[in-house]
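Coordinates from final_25.cif are shown below (mmCIF, N, CA and C atoms).
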```cif
data_target
#
loop_
_atom_site.label_atom_id
_atom_site.label_comp_id
_atom_site.auth_asym_id
_atom_site.auth_seq_id
_atom_site.Cartn_x
_atom_site.Cartn_y
_atom_site.Cartn_z
N MET A 25 45.58 -37.40 25.12
CA MET A 25 44.28 -38.05 25.12
C MET A 25 43.54 -37.82 23.81
N PHE A 26 43.54 -36.54 23.35
CA PHE A 26 42.86 -36.19 22.11
C PHE A 26 43.44 -36.99 20.93
N LYS A 27 44.77 -37.14 20.94
CA LYS A 27 45.44 -37.88 19.86
C LYS A 27 44.97 -39.34 19.84
N LYS A 28 44.79 -39.97 21.02
CA LYS A 28 44.31 -41.35 21.10
C LYS A 28 42.90 -41.47 20.53
N ILE A 29 42.05 -40.50 20.82
CA ILE A 29 40.68 -40.52 20.30
C ILE A 29 40.68 -40.41 18.78
N VAL A 30 41.50 -39.51 18.24
CA VAL A 30 41.59 -39.33 16.78
C VAL A 30 42.11 -40.60 16.12
N VAL A 31 43.12 -41.21 16.70
CA VAL A 31 43.68 -42.45 16.15
C VAL A 31 42.63 -43.56 16.20
N GLY A 32 41.91 -43.65 17.31
CA GLY A 32 40.86 -44.66 17.44
C GLY A 32 39.75 -44.47 16.42
N LEU A 33 39.32 -43.22 16.24
CA LEU A 33 38.29 -42.94 15.24
C LEU A 33 38.78 -43.23 13.83
N SER A 34 40.01 -42.89 13.55
CA SER A 34 40.58 -43.18 12.23
C SER A 34 40.60 -44.67 11.95
N LEU A 35 40.98 -45.44 12.96
CA LEU A 35 41.02 -46.90 12.82
C LEU A 35 39.61 -47.44 12.59
N ALA A 36 38.63 -46.96 13.32
CA ALA A 36 37.25 -47.41 13.16
C ALA A 36 36.73 -47.08 11.76
N ILE A 37 37.01 -45.89 11.29
CA ILE A 37 36.57 -45.49 9.94
C ILE A 37 37.23 -46.37 8.89
N THR A 38 38.51 -46.65 9.06
CA THR A 38 39.22 -47.51 8.12
C THR A 38 38.61 -48.91 8.08
N LEU A 39 38.29 -49.46 9.24
CA LEU A 39 37.70 -50.80 9.29
C LEU A 39 36.32 -50.83 8.63
N VAL A 40 35.50 -49.83 8.89
CA VAL A 40 34.17 -49.77 8.29
C VAL A 40 34.29 -49.62 6.78
N THR A 41 35.18 -48.75 6.32
CA THR A 41 35.39 -48.54 4.89
C THR A 41 35.88 -49.81 4.22
N ALA A 42 36.83 -50.49 4.84
CA ALA A 42 37.35 -51.74 4.27
C ALA A 42 36.27 -52.80 4.21
N SER A 43 35.43 -52.86 5.24
CA SER A 43 34.33 -53.82 5.25
C SER A 43 33.35 -53.53 4.13
N PHE A 44 32.99 -52.26 3.94
CA PHE A 44 32.06 -51.87 2.89
C PHE A 44 32.65 -52.18 1.52
N ALA A 45 33.91 -51.84 1.31
CA ALA A 45 34.56 -52.11 0.03
C ALA A 45 34.62 -53.61 -0.23
N GLY A 46 34.86 -54.39 0.82
CA GLY A 46 34.88 -55.84 0.67
C GLY A 46 33.54 -56.38 0.22
N ASN A 47 32.45 -55.83 0.76
CA ASN A 47 31.11 -56.25 0.35
C ASN A 47 30.85 -55.90 -1.10
N GLN A 48 31.32 -54.73 -1.56
CA GLN A 48 31.15 -54.34 -2.96
C GLN A 48 31.92 -55.27 -3.87
N VAL A 49 33.14 -55.62 -3.49
CA VAL A 49 33.95 -56.53 -4.29
C VAL A 49 33.30 -57.90 -4.34
N GLU A 50 32.77 -58.37 -3.21
CA GLU A 50 32.10 -59.67 -3.17
C GLU A 50 30.89 -59.67 -4.10
N ALA A 51 30.09 -58.59 -4.04
CA ALA A 51 28.91 -58.51 -4.91
C ALA A 51 29.32 -58.51 -6.37
N ALA A 52 30.31 -57.69 -6.71
CA ALA A 52 30.78 -57.65 -8.09
C ALA A 52 31.30 -59.01 -8.51
N SER A 53 31.95 -59.69 -7.60
CA SER A 53 32.51 -60.99 -7.91
C SER A 53 31.44 -62.03 -8.21
N TYR A 54 30.39 -62.13 -7.40
CA TYR A 54 29.39 -63.16 -7.67
C TYR A 54 28.53 -62.79 -8.87
N HIS A 55 28.33 -61.50 -9.12
CA HIS A 55 27.61 -61.11 -10.33
C HIS A 55 28.41 -61.52 -11.57
N THR A 56 29.70 -61.24 -11.54
CA THR A 56 30.56 -61.59 -12.66
C THR A 56 30.59 -63.10 -12.87
N LYS A 57 30.68 -63.84 -11.78
CA LYS A 57 30.71 -65.30 -11.89
C LYS A 57 29.38 -65.85 -12.42
N ALA A 58 28.26 -65.31 -11.97
CA ALA A 58 26.95 -65.77 -12.46
C ALA A 58 26.84 -65.52 -13.96
N ILE A 59 27.29 -64.38 -14.42
CA ILE A 59 27.27 -64.08 -15.85
C ILE A 59 28.15 -65.06 -16.61
N LYS A 60 29.32 -65.33 -16.08
CA LYS A 60 30.25 -66.27 -16.73
C LYS A 60 29.61 -67.66 -16.84
N VAL A 61 28.97 -68.10 -15.78
CA VAL A 61 28.30 -69.41 -15.78
C VAL A 61 27.20 -69.43 -16.84
N ALA A 62 26.36 -68.39 -16.84
CA ALA A 62 25.27 -68.33 -17.82
C ALA A 62 25.82 -68.33 -19.25
N LYS A 63 26.88 -67.57 -19.49
CA LYS A 63 27.48 -67.52 -20.83
C LYS A 63 28.02 -68.89 -21.25
N SER A 64 28.51 -69.65 -20.28
CA SER A 64 29.04 -70.97 -20.61
C SER A 64 27.94 -71.93 -21.06
N GLU A 65 26.69 -71.55 -20.82
CA GLU A 65 25.54 -72.37 -21.20
C GLU A 65 24.89 -71.91 -22.50
N LEU A 66 25.48 -70.93 -23.18
CA LEU A 66 24.92 -70.45 -24.45
C LEU A 66 24.66 -71.61 -25.38
N GLY A 67 23.49 -71.61 -25.99
CA GLY A 67 23.12 -72.67 -26.91
C GLY A 67 22.42 -73.85 -26.26
N THR A 68 22.43 -73.91 -24.94
CA THR A 68 21.71 -75.00 -24.26
C THR A 68 20.23 -74.86 -24.57
N LYS A 69 19.59 -75.96 -24.86
CA LYS A 69 18.18 -75.92 -25.26
C LYS A 69 17.26 -75.50 -24.12
N TYR A 70 16.11 -75.01 -24.49
CA TYR A 70 15.07 -74.66 -23.53
C TYR A 70 14.37 -75.93 -23.09
N LYS A 71 14.11 -76.03 -21.80
CA LYS A 71 13.35 -77.15 -21.25
C LYS A 71 12.50 -76.61 -20.11
N LEU A 72 11.20 -76.70 -20.24
CA LEU A 72 10.29 -76.23 -19.20
C LEU A 72 10.63 -76.95 -17.90
N GLY A 73 10.89 -76.21 -16.84
CA GLY A 73 11.25 -76.79 -15.55
C GLY A 73 12.71 -77.19 -15.45
N GLY A 74 13.48 -76.94 -16.53
CA GLY A 74 14.89 -77.35 -16.56
C GLY A 74 15.79 -76.50 -15.69
N ILE A 75 16.66 -77.18 -14.96
CA ILE A 75 17.60 -76.47 -14.06
C ILE A 75 19.02 -77.01 -14.20
N SER A 76 19.33 -77.61 -15.37
CA SER A 76 20.68 -78.15 -15.55
C SER A 76 21.12 -77.95 -17.00
N SER A 77 22.36 -78.28 -17.26
CA SER A 77 22.94 -78.13 -18.59
C SER A 77 22.26 -78.98 -19.65
N SER A 78 21.38 -79.88 -19.25
CA SER A 78 20.63 -80.65 -20.24
C SER A 78 19.41 -79.86 -20.73
N GLY A 79 19.12 -78.73 -20.12
CA GLY A 79 18.03 -77.86 -20.54
C GLY A 79 17.61 -76.93 -19.43
N PHE A 80 17.32 -75.67 -19.78
CA PHE A 80 16.92 -74.65 -18.79
C PHE A 80 15.65 -73.96 -19.22
N ASP A 81 14.83 -73.62 -18.24
CA ASP A 81 13.85 -72.57 -18.48
C ASP A 81 14.48 -71.29 -17.94
N CYS A 82 13.80 -70.16 -18.05
CA CYS A 82 14.43 -68.89 -17.69
C CYS A 82 14.90 -68.83 -16.24
N SER A 83 14.02 -69.18 -15.32
CA SER A 83 14.40 -69.10 -13.91
C SER A 83 15.39 -70.20 -13.53
N GLY A 84 15.33 -71.32 -14.23
CA GLY A 84 16.29 -72.39 -13.99
C GLY A 84 17.71 -71.94 -14.31
N LEU A 85 17.87 -71.21 -15.42
CA LEU A 85 19.19 -70.68 -15.79
C LEU A 85 19.69 -69.68 -14.75
N VAL A 86 18.81 -68.78 -14.32
CA VAL A 86 19.20 -67.77 -13.33
C VAL A 86 19.56 -68.43 -12.00
N LYS A 87 18.71 -69.33 -11.54
CA LYS A 87 18.97 -70.04 -10.28
C LYS A 87 20.29 -70.80 -10.36
N TYR A 88 20.50 -71.54 -11.45
CA TYR A 88 21.71 -72.34 -11.66
C TYR A 88 22.95 -71.44 -11.66
N SER A 89 22.90 -70.35 -12.42
CA SER A 89 24.06 -69.46 -12.56
C SER A 89 24.43 -68.82 -11.24
N TYR A 90 23.44 -68.33 -10.51
CA TYR A 90 23.71 -67.69 -9.22
C TYR A 90 24.12 -68.71 -8.16
N GLN A 91 23.58 -69.90 -8.23
CA GLN A 91 23.97 -70.93 -7.27
C GLN A 91 25.45 -71.27 -7.46
N LYS A 92 25.89 -71.39 -8.72
CA LYS A 92 27.31 -71.66 -9.00
C LYS A 92 28.19 -70.51 -8.52
N ALA A 93 27.60 -69.31 -8.43
CA ALA A 93 28.34 -68.14 -7.95
C ALA A 93 28.23 -67.96 -6.44
N GLY A 94 27.48 -68.85 -5.78
CA GLY A 94 27.40 -68.81 -4.32
C GLY A 94 26.16 -68.17 -3.74
N LYS A 95 25.16 -67.87 -4.57
CA LYS A 95 23.92 -67.26 -4.09
C LYS A 95 22.76 -68.19 -4.41
N ILE A 96 21.97 -68.50 -3.40
CA ILE A 96 20.81 -69.37 -3.58
C ILE A 96 19.58 -68.51 -3.83
N LEU A 97 18.88 -68.79 -4.92
CA LEU A 97 17.67 -68.06 -5.28
C LEU A 97 16.49 -69.01 -5.33
N PRO A 98 15.28 -68.46 -5.20
CA PRO A 98 14.09 -69.30 -5.36
C PRO A 98 13.99 -69.86 -6.78
N ARG A 99 13.02 -70.71 -7.02
CA ARG A 99 12.92 -71.43 -8.28
C ARG A 99 12.22 -70.68 -9.41
N THR A 100 11.21 -69.88 -9.11
CA THR A 100 10.42 -69.26 -10.18
C THR A 100 10.74 -67.77 -10.33
N ALA A 101 10.45 -67.23 -11.52
CA ALA A 101 10.66 -65.80 -11.77
C ALA A 101 9.87 -64.97 -10.76
N ALA A 102 8.63 -65.35 -10.48
CA ALA A 102 7.80 -64.60 -9.53
C ALA A 102 8.40 -64.60 -8.13
N ASP A 103 8.95 -65.73 -7.70
CA ASP A 103 9.55 -65.80 -6.36
C ASP A 103 10.90 -65.08 -6.30
N ILE A 104 11.67 -65.15 -7.38
CA ILE A 104 12.95 -64.42 -7.42
C ILE A 104 12.68 -62.92 -7.35
N TYR A 105 11.59 -62.49 -7.98
CA TYR A 105 11.22 -61.07 -8.01
C TYR A 105 10.98 -60.52 -6.61
N LYS A 106 10.64 -61.36 -5.67
CA LYS A 106 10.40 -60.94 -4.29
C LYS A 106 11.70 -60.65 -3.54
N LYS A 107 12.84 -61.01 -4.12
CA LYS A 107 14.15 -60.85 -3.48
C LYS A 107 14.86 -59.61 -4.02
N GLY A 108 15.91 -59.22 -3.35
CA GLY A 108 16.77 -58.15 -3.83
C GLY A 108 16.18 -56.76 -3.69
N LYS A 109 16.88 -55.81 -4.29
CA LYS A 109 16.52 -54.40 -4.21
C LYS A 109 16.18 -53.90 -5.61
N LYS A 110 15.06 -53.19 -5.73
CA LYS A 110 14.68 -52.63 -7.03
C LYS A 110 15.73 -51.63 -7.49
N VAL A 111 16.02 -51.65 -8.78
CA VAL A 111 16.98 -50.72 -9.36
C VAL A 111 16.39 -50.08 -10.61
N LYS A 112 16.81 -48.85 -10.85
CA LYS A 112 16.36 -48.15 -12.05
C LYS A 112 17.46 -48.13 -13.10
N SER A 113 18.70 -48.06 -12.66
CA SER A 113 19.84 -48.03 -13.57
C SER A 113 20.52 -49.40 -13.53
N LEU A 114 20.49 -50.12 -14.63
CA LEU A 114 21.00 -51.50 -14.67
C LEU A 114 22.52 -51.56 -14.56
N GLN A 115 22.98 -52.54 -13.78
CA GLN A 115 24.39 -52.88 -13.70
C GLN A 115 24.53 -54.36 -14.03
N LYS A 116 25.73 -54.74 -14.47
CA LYS A 116 25.98 -56.14 -14.81
C LYS A 116 25.59 -57.03 -13.63
N GLY A 117 24.85 -58.09 -13.94
CA GLY A 117 24.44 -59.03 -12.91
C GLY A 117 23.06 -58.76 -12.35
N ASP A 118 22.47 -57.59 -12.65
CA ASP A 118 21.11 -57.33 -12.20
C ASP A 118 20.15 -58.28 -12.91
N LEU A 119 19.07 -58.60 -12.24
CA LEU A 119 18.07 -59.49 -12.82
C LEU A 119 16.95 -58.65 -13.41
N MET A 120 16.61 -58.94 -14.65
CA MET A 120 15.55 -58.23 -15.37
C MET A 120 14.30 -59.11 -15.38
N PHE A 121 13.16 -58.50 -15.16
CA PHE A 121 11.91 -59.25 -15.08
C PHE A 121 10.92 -58.77 -16.14
N PHE A 122 10.20 -59.73 -16.67
CA PHE A 122 9.26 -59.47 -17.76
C PHE A 122 7.93 -60.15 -17.46
N ALA A 123 6.86 -59.53 -17.95
CA ALA A 123 5.52 -60.10 -17.78
C ALA A 123 4.65 -59.70 -18.97
N PRO A 124 3.74 -60.57 -19.36
CA PRO A 124 2.85 -60.20 -20.45
C PRO A 124 1.96 -59.04 -20.04
N ASN A 125 1.79 -58.08 -20.92
CA ASN A 125 0.90 -56.93 -20.69
C ASN A 125 1.26 -56.15 -19.42
N LYS A 126 2.52 -56.13 -19.07
CA LYS A 126 3.01 -55.39 -17.90
C LYS A 126 2.31 -55.80 -16.60
N ALA A 127 1.93 -57.07 -16.49
CA ALA A 127 1.33 -57.58 -15.26
C ALA A 127 2.33 -57.40 -14.12
N LYS A 128 1.85 -57.42 -12.90
CA LYS A 128 2.75 -57.24 -11.76
C LYS A 128 3.57 -58.48 -11.45
N LYS A 129 3.06 -59.63 -11.81
CA LYS A 129 3.75 -60.88 -11.50
C LYS A 129 4.58 -61.31 -12.71
N PRO A 130 5.91 -61.32 -12.57
CA PRO A 130 6.75 -61.67 -13.71
C PRO A 130 6.67 -63.16 -14.08
N THR A 131 6.78 -63.41 -15.36
CA THR A 131 6.80 -64.78 -15.87
C THR A 131 8.12 -65.12 -16.53
N HIS A 132 9.02 -64.13 -16.62
CA HIS A 132 10.32 -64.36 -17.27
C HIS A 132 11.38 -63.56 -16.53
N VAL A 133 12.58 -64.13 -16.43
CA VAL A 133 13.71 -63.46 -15.77
C VAL A 133 14.96 -63.68 -16.61
N ALA A 134 15.83 -62.67 -16.59
CA ALA A 134 17.07 -62.71 -17.35
C ALA A 134 18.17 -62.00 -16.55
N ILE A 135 19.41 -62.19 -16.95
CA ILE A 135 20.56 -61.55 -16.29
C ILE A 135 21.10 -60.47 -17.22
N TYR A 136 21.16 -59.25 -16.71
CA TYR A 136 21.73 -58.15 -17.49
C TYR A 136 23.24 -58.33 -17.55
N ILE A 137 23.82 -58.23 -18.76
CA ILE A 137 25.27 -58.47 -18.93
C ILE A 137 26.03 -57.23 -19.39
N GLY A 138 25.35 -56.10 -19.48
CA GLY A 138 25.98 -54.86 -19.91
C GLY A 138 25.72 -54.58 -21.38
N ASN A 139 26.07 -53.38 -21.80
CA ASN A 139 25.92 -52.97 -23.20
C ASN A 139 24.51 -53.20 -23.74
N ASN A 140 23.51 -52.95 -22.92
CA ASN A 140 22.10 -53.11 -23.32
C ASN A 140 21.76 -54.52 -23.78
N GLU A 141 22.38 -55.51 -23.15
CA GLU A 141 22.10 -56.91 -23.47
C GLU A 141 21.82 -57.71 -22.22
N PHE A 142 21.04 -58.76 -22.39
CA PHE A 142 20.83 -59.71 -21.31
C PHE A 142 20.95 -61.12 -21.84
N ILE A 143 21.17 -62.05 -20.92
CA ILE A 143 21.23 -63.46 -21.26
C ILE A 143 20.06 -64.13 -20.56
N HIS A 144 19.44 -65.08 -21.27
CA HIS A 144 18.26 -65.75 -20.72
C HIS A 144 18.05 -67.06 -21.45
N SER A 145 17.07 -67.81 -21.01
CA SER A 145 16.67 -69.01 -21.72
C SER A 145 15.25 -68.78 -22.22
N SER A 146 15.12 -68.71 -23.54
CA SER A 146 13.79 -68.50 -24.13
C SER A 146 13.32 -69.78 -24.79
N SER A 147 12.02 -69.93 -24.87
CA SER A 147 11.46 -71.15 -25.46
C SER A 147 11.81 -71.27 -26.94
N SER A 148 12.07 -70.15 -27.60
CA SER A 148 12.38 -70.20 -29.03
C SER A 148 13.87 -70.41 -29.35
N LYS A 149 14.76 -69.93 -28.47
CA LYS A 149 16.19 -69.97 -28.78
C LYS A 149 17.04 -70.65 -27.72
N GLY A 150 16.47 -71.08 -26.62
CA GLY A 150 17.27 -71.63 -25.54
C GLY A 150 18.10 -70.53 -24.90
N VAL A 151 19.25 -70.90 -24.34
CA VAL A 151 20.12 -69.90 -23.70
C VAL A 151 20.74 -69.04 -24.78
N SER A 152 20.43 -67.75 -24.72
CA SER A 152 20.85 -66.83 -25.77
C SER A 152 20.90 -65.41 -25.24
N TYR A 153 21.44 -64.53 -26.08
CA TYR A 153 21.48 -63.11 -25.76
C TYR A 153 20.27 -62.41 -26.39
N ALA A 154 19.87 -61.30 -25.80
CA ALA A 154 18.87 -60.43 -26.39
C ALA A 154 19.22 -58.99 -25.99
N LYS A 155 18.76 -58.06 -26.77
CA LYS A 155 18.96 -56.64 -26.50
C LYS A 155 17.83 -56.13 -25.61
N THR A 156 18.14 -55.17 -24.77
CA THR A 156 17.12 -54.61 -23.89
C THR A 156 16.03 -53.87 -24.67
N ASN A 157 16.35 -53.42 -25.88
CA ASN A 157 15.36 -52.72 -26.70
C ASN A 157 14.68 -53.65 -27.71
N ASN A 158 14.84 -54.95 -27.52
CA ASN A 158 14.20 -55.95 -28.38
C ASN A 158 12.70 -55.69 -28.44
N THR A 159 12.14 -55.71 -29.65
CA THR A 159 10.72 -55.36 -29.81
C THR A 159 9.78 -56.34 -29.13
N TYR A 160 10.22 -57.58 -28.91
CA TYR A 160 9.38 -58.54 -28.19
C TYR A 160 9.47 -58.31 -26.68
N TRP A 161 10.69 -58.17 -26.14
CA TRP A 161 10.88 -58.12 -24.69
C TRP A 161 10.65 -56.74 -24.09
N LYS A 162 11.03 -55.68 -24.77
CA LYS A 162 10.94 -54.33 -24.19
C LYS A 162 9.54 -54.00 -23.65
N PRO A 163 8.45 -54.25 -24.39
CA PRO A 163 7.14 -53.91 -23.85
C PRO A 163 6.70 -54.77 -22.65
N LYS A 164 7.38 -55.88 -22.43
CA LYS A 164 7.02 -56.80 -21.34
C LYS A 164 7.86 -56.55 -20.08
N TYR A 165 8.86 -55.68 -20.20
CA TYR A 165 9.77 -55.40 -19.08
C TYR A 165 9.02 -54.70 -17.96
N ILE A 166 9.15 -55.23 -16.73
CA ILE A 166 8.47 -54.62 -15.57
C ILE A 166 9.43 -54.13 -14.49
N GLY A 167 10.73 -54.41 -14.64
CA GLY A 167 11.68 -53.89 -13.67
C GLY A 167 12.86 -54.81 -13.44
N ALA A 168 13.78 -54.33 -12.60
CA ALA A 168 15.00 -55.08 -12.31
C ALA A 168 15.26 -55.09 -10.81
N LYS A 169 15.98 -56.11 -10.40
CA LYS A 169 16.39 -56.25 -9.00
C LYS A 169 17.88 -56.54 -8.94
N ARG A 170 18.50 -56.06 -7.89
CA ARG A 170 19.91 -56.37 -7.62
C ARG A 170 19.95 -57.31 -6.43
N ILE A 171 20.52 -58.46 -6.65
CA ILE A 171 20.61 -59.49 -5.60
C ILE A 171 21.92 -59.33 -4.86
#
```
Would you write the structure of this file as structure tokens?
Amino acid sequence: MFKKIVVGLSLAITLVTASFAGNQVEAASYHTKAIKVAKSELGTKYKLGGISSSGFDCSGLVKYSYQKAGKILPRTAADIYKKGKKVKSLQKGDLMFFAPNKAKKPTHVAIYIGNNEFIHSSSSKGVSYAKTNNTYWKPKYIGAKRI
């Protein structure tokens, strides 16, 4: 009887572990895909309200990239900021939020791609890379979320 209980518990633990690992792989997969989609749009011009390859604003690029990866996000940086889990240590695929004068409501969103870089659509450069320690963006950074 004891052996049956141990085998049953072992099976349950294996199933839970496999399920958890599967969720981690899925998350890593859609983050990687969203980054790949955003990178494929490098050089696309900035367009206020833009949500397609003909032009993106910041949240349009993030929404588009994550949608292609299978995750539906709200339309604006402020609404996207209401989703996900706050993180202190950035991982690839995390969303970075920026606001003028460290306001609570973000006006800009970007995708962290690793190596202290993010991809975003800025009004001056369109879809491009920037460093996390960029003198323009760093003081405006208000936090990150993991979707």
Study note, to complete from the structure: Using only C-alpha atoms, the shortest atom-to-atom distance to Thr56 (chain A) among A:Ile135, A:Met120, A:Ala127, A:Ile104 belongs to A:Ile135
Exercise for review: Run DSSP on the backbone of this structure and report the residues of region 65-131 of chain A it assigns to strand (DSSP E or B), as a PyMOL selection string.
Suggested key: chain A and resi 70+75-76+79-80+109-111+119-122
Exercise for review: Identify which of the residues A:Tyr165, A:Ser146, A:Thr100, A:Lys155 lies closest to Lys71 (chain A), counting only C-alpha atoms when measuring atom-to-atom distances.
Suggested key: A:Ser146
Taking all atoms of region 56-63 of chain A that appear in the file, build a box with edges along x, y and z, extend it by 5 Å on every side, and state its centre and edge lengths in Å to one decimal, as AutoDock Vina command-line options.
```
--center_x 28.0 --center_y -65.3 --center_z -16.4 --size_x 15.4 --size_y 18.2 --size_z 19.7
```
Exercise for review: Would you mind writing down, as an MDAnalysis selection string, each residue of chain A that DSSP on the backbone assigns to helix (DSSP H, G or I)?
Suggested key: chainID A and resid 26:64 82:92 101:105 124:126 162:164
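Coordinates place CA of Gly108 (chain A) at a distance of 27.9 Å from CA of Lys69 (chain A).
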**Study point:** Point-to-point distance from CA of Asp103 (chain A) to CA of Ala134 (chain A), Å rounded to tenths
**Key:** 13.7 Å
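Minimum distance to Gln115 (chain A) across A:Gly138, A:Gly150, A:Pro130, A:Gly74 (counting only C-alpha atoms) occurs at A:Gly138.
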Practice item. Name every residue that the PyMOL selection byres ((chain A and resi 170) around 6) selects in this structure, writing the answer as an NGL selection string with chains first and numbers rising. Key: :A and (108-111 or 118-119 or 168-169 or 171)
